[in-house]
Amino acid sequence: MFSTFPFRDLVRRWAMVCSVVFLLAVALPAPMGAQQQPRPNLRVLFIGNSYTFTNNLGDVVAGIAAAQKDGPTITPTIVARGGTHLEWHLKNGPAMSSLQAGRWDYVILQEFSTLGGEIGKPEVGDPEPFYASVRQWVPKIRAVGATPILLMTWARRGAKEAESKKLFDAFGHIASELDVKVAPAGLAWAEAHRRLRTLDLHIYDESHPTEAGSYLTALVIYATLTGQNPGGTAATIYGHPVETGGGGAGFGAGAMPTAVPDMTLTVPLVELGPATAAELQRVAWDTVSRQTEPAHPTH
């Protein structure tokens with residue numbers, strides 16, 4: 001007589017094997033190919049003056065990117081010297097050699113808040129030297145495969161509305177001529193002044209940014225580069241402090257300090273209250289999102 005017991009035993013053993021395989025598949029980590037891919041990284045060169053190296057704007061932008069769950073990380077390099085126009089960087093200092101040496105995704109150009117105006121006064125001067133500099137910088141940046149971004153600076157405290165408009169219009173004019181994206185920090189500052197009347201974005205000299213001013217500017221840059229809302233960013237951003245030297249101390253008209261980040265130290269660059277940080281994030285995104293598209297690399 002044929003017995004069914006060996007067959008039943010075989011079925012039970014097969015069921016046990018399948019159960020073990022299932023449990024292992026659930027418990028073991030996914031194969032390397034199925035793991036979450038690393039976030040892309042953007043290499044960004046900042047060229048400017050003390051508006052860029054105050055509070056180390058590059059590291060603040062990088063800190064904002066690092067705090068976001070999605071989107072790219074950002075590796076910044078700043079080439080900045082106090083009291084200098086973009087025209088100066090065309091023939092002096094390491095800006096041009098840095099541009100040629102690095103494989104940049106973006107290059108951010110930062111000019112005086114008075115363009116061709118006198119240092120220390122809020123009046124905006126002749127924008128033609130600014131236009132001429134940008135007309136030289138843009139093709140050089142594109143020639144190395146990077147995307148140029150104009151950082152629209154903010155008006156100085158005490159500037160009349162007509163002066164602010166002249167400043168903002170100058171950026172719009174040259175950006176339209178050369179098809180260059182603008183990071184509209186100046187417009188965001190103006191909006192923040194309307195919404196947050198007690199928050200000071202300028203330091204005592206009525207020109208350079210407070211930590212809140214640098215934070216707002218960095219939020220605008222991040223949103224412009226990525227097209228992503230910077231909401232939820234940490235209110236405290238850490239990075240490398242910037243030491244200045246080689247031309248005098250301070251920000252006076254005769255001083256031209258060169259920025260050198262101290263890579264051996266990591267300190268809080270920006271420390272704000274959560275409510276203030278959240279409102280600045282909203283201002284930045286509201287300002288940038290009025291533009292049609294985020295910046296995109298050309299390569």
# chains A, B, ... in the order shown; residues from 1 in each chain; ligands from 1
$ closest_atom_pairs --of "range 156-222 of chain A" --to "range 132-144 of chain A" --cutoff "10 Å" --atoms "only C-alpha atoms" --output "JSON lines"
{"residue": "A:Ile174", "atom": "CA", "partner": "A:Val134", "partner_atom": "CA", "distance": 7.7}
{"residue": "A:Ala175", "atom": "CA", "partner": "A:Val134", "partner_atom": "CA", "distance": 9.1}
{"residue": "A:Glu177", "atom": "CA", "partner": "A:Arg135", "partner_atom": "CA", "distance": 9.3}
{"residue": "A:Leu178", "atom": "CA", "partner": "A:Arg135", "partner_atom": "CA", "distance": 7.5}
{"residue": "A:Asp179", "atom": "CA", "partner": "A:Val138", "partner_atom": "CA", "distance": 9.6}
{"residue": "A:Val180", "atom": "CA", "partner": "A:Val138", "partner_atom": "CA", "distance": 8.1}
$ closest_atom_pairs --of "range 45-80 of chain A" --to "range 230-246 of chain A" --cutoff "8 Å" --atoms "only C-alpha atoms" --output "CSV"
residue,atom,partner,partner_atom,distance
A:Phe53,CA,A:Val242,CA,6.6
A:Thr54,CA,A:Val242,CA,7.5
A:Asn55,CA,A:Pro241,CA,7.1
A:Asn56,CA,A:Val242,CA,6.2
A:Asp59,CA,A:Gly239,CA,5.5
A:Val60,CA,A:Ile237,CA,6.2
A:Gly63,CA,A:Ile237,CA,5.7
A:Ile64,CA,A:Thr233,CA,6.0
A:Ala67,CA,A:Thr233,CA,5.7
A:Gln68,CA,A:Thr233,CA,6.5
$ write_last_selection --atoms "C-alpha atoms" --output "PDB file, in the first residue's frame"
ATOM      1  CA  PHE A  53      32.720  86.799   3.039  1.00  0.00           C
ATOM      2  CA  THR A  54      30.796  88.395   5.936  1.00  0.00           C
ATOM      3  CA  ASN A  55      29.384  85.436   7.891  1.00  0.00           C
ATOM      4  CA  ASN A  56      30.861  83.206   5.136  1.00  0.00           C
ATOM      5  CA  ASP A  59      29.085  78.037   3.978  1.00  0.00           C
ATOM      6  CA  VAL A  60      25.667  79.327   4.990  1.00  0.00           C
ATOM      7  CA  GLY A  63      24.483  74.521   5.508  1.00  0.00           C
ATOM      8  CA  ILE A  64      21.008  75.230   4.182  1.00  0.00           C
ATOM      9  CA  ALA A  67      19.670  70.609   6.220  1.00  0.00           C
ATOM     10  CA  GLN A  68      17.274  69.671   3.414  1.00  0.00           C
TER      11      GLN A  68
END
$ atom_distance --atom1 "CA of Ala155 in chain A" --atom2 "CA of Glu111 in chain A"
11.7 Å
$ residues_around --residues "Ser207 in chain A" --least-positions-apart "2" --cutoff "10 Å" --atoms "only C-alpha atoms" --output "MDAnalysis selection string"
chainID A and resid 51 113 119:122 154:158 201:205 209:210 251
$ write_last_selection --atoms "C-alpha atoms" --output "short mmCIF file (atom, residue, chain, number, x, y, z; two decimals), in the first residue's frame"
data_model
loop_
_atom_site.label_atom_id
_atom_site.label_comp_id
_atom_site.auth_asym_id
_atom_site.auth_seq_id
_atom_site.Cartn_x
_atom_site.Cartn_y
_atom_site.Cartn_z
CA TYR A 51 29.19 91.10 1.30
CA SER A 113 25.19 97.59 -3.65
CA ILE A 119 31.71 103.70 -1.19
CA GLY A 120 29.96 104.56 2.06
CA LYS A 121 26.99 106.34 0.50
CA PRO A 122 23.59 104.86 -0.39
CA TRP A 154 20.46 94.80 -1.33
CA ALA A 155 20.14 98.54 -1.02
CA ARG A 156 21.94 100.24 1.82
CA ARG A 157 20.02 101.42 4.81
CA GLY A 158 18.69 104.88 4.12
CA LEU A 201 19.33 92.99 8.27
CA HIS A 202 22.13 95.62 8.21
CA ILE A 203 24.90 95.92 10.78
CA TYR A 204 25.97 99.23 12.31
CA ASP A 205 27.65 100.46 9.11
CA PRO A 209 24.59 92.03 6.56
CA THR A 210 23.75 90.86 10.03
CA PHE A 251 35.20 97.62 6.09
#
$ atom_distance --atom1 "CA of Trp104 in chain A" --atom2 "CA of Val61 in chain A"
15.6 Å
$ closest_residue --among "A:Ser98, A:Thr52, A:Gln110, A:Thr147" --to "Lys181 in chain A" --atoms "only C-alpha atoms"
A:Thr147
$ residues_around --residues "range 278-292 of chain A" --least-positions-apart "2" --cutoff "12 Å" --atoms "only C-alpha atoms" --output "ChimeraX atom specification"
/A:64,152,172,181-196,199,201,211-236,272-276,294-295
$ write_last_selection --atoms "C-alpha atoms" --output "CSV table (one decimal), in the first residue's frame"
chain,number,residue,atom,x,y,z
A,64,ILE,CA,21.0,75.2,4.2
A,152,MET,CA,21.3,91.0,-6.7
A,172,GLY,CA,17.2,93.0,-14.5
A,181,LYS,CA,19.6,84.1,-13.9
A,182,VAL,CA,19.4,86.4,-10.9
A,183,ALA,CA,19.3,85.5,-7.3
A,184,PRO,CA,17.0,88.3,-6.1
A,185,ALA,CA,18.4,88.9,-2.6
A,186,GLY,CA,17.8,92.6,-2.9
A,187,LEU,CA,14.1,92.1,-3.5
A,188,ALA,CA,13.9,89.6,-0.6
A,189,TRP,CA,15.5,92.2,1.7
A,190,ALA,CA,13.0,94.8,0.6
A,191,GLU,CA,10.1,92.3,1.3
A,192,ALA,CA,11.6,91.4,4.7
A,193,HIS,CA,11.7,95.0,5.7
A,194,ARG,CA,8.0,95.3,4.9
A,195,ARG,CA,7.1,92.2,6.8
A,196,LEU,CA,9.5,92.2,9.7
A,199,LEU,CA,14.4,92.8,12.3
A,201,LEU,CA,19.3,93.0,8.3
A,211,GLU,CA,23.5,87.1,10.5
A,212,ALA,CA,19.8,87.4,9.6
A,213,GLY,CA,20.8,89.3,6.4
A,214,SER,CA,23.3,86.6,5.4
A,215,TYR,CA,20.7,83.9,6.2
A,216,LEU,CA,18.1,85.5,4.0
A,217,THR,CA,20.6,86.0,1.2
A,218,ALA,CA,21.7,82.4,1.4
A,219,LEU,CA,18.1,81.2,1.4
A,220,VAL,CA,17.5,83.1,-1.8
A,221,ILE,CA,20.6,81.6,-3.4
A,222,TYR,CA,19.7,78.1,-2.4
A,223,ALA,CA,16.1,78.5,-3.8
A,224,THR,CA,17.5,80.0,-7.0
A,225,LEU,CA,20.0,77.2,-7.6
A,226,THR,CA,17.7,74.3,-6.8
A,227,GLY,CA,14.1,75.6,-7.4
A,228,GLN,CA,13.3,74.1,-4.0
A,229,ASN,CA,11.5,75.7,-1.1
A,230,PRO,CA,14.0,76.2,1.7
A,231,GLY,CA,11.3,75.9,4.4
A,232,GLY,CA,12.3,73.8,7.4
A,233,THR,CA,15.9,74.8,7.3
A,234,ALA,CA,17.7,74.9,10.6
A,235,ALA,CA,17.8,78.2,12.4
A,236,THR,CA,21.4,77.7,13.3
A,272,LEU,CA,18.4,82.8,14.8
A,273,GLY,CA,15.2,82.2,16.7
A,274,PRO,CA,13.0,79.5,15.0
A,275,ALA,CA,10.2,81.9,14.3
A,276,THR,CA,12.5,84.5,12.7
A,294,PRO,CA,15.2,77.7,-11.2
A,295,ALA,CA,18.7,77.9,-12.5
$ atom_distance --atom1 "CA of Gly82 in chain A" --atom2 "CA of Pro257 in chain A"
5.0 Å
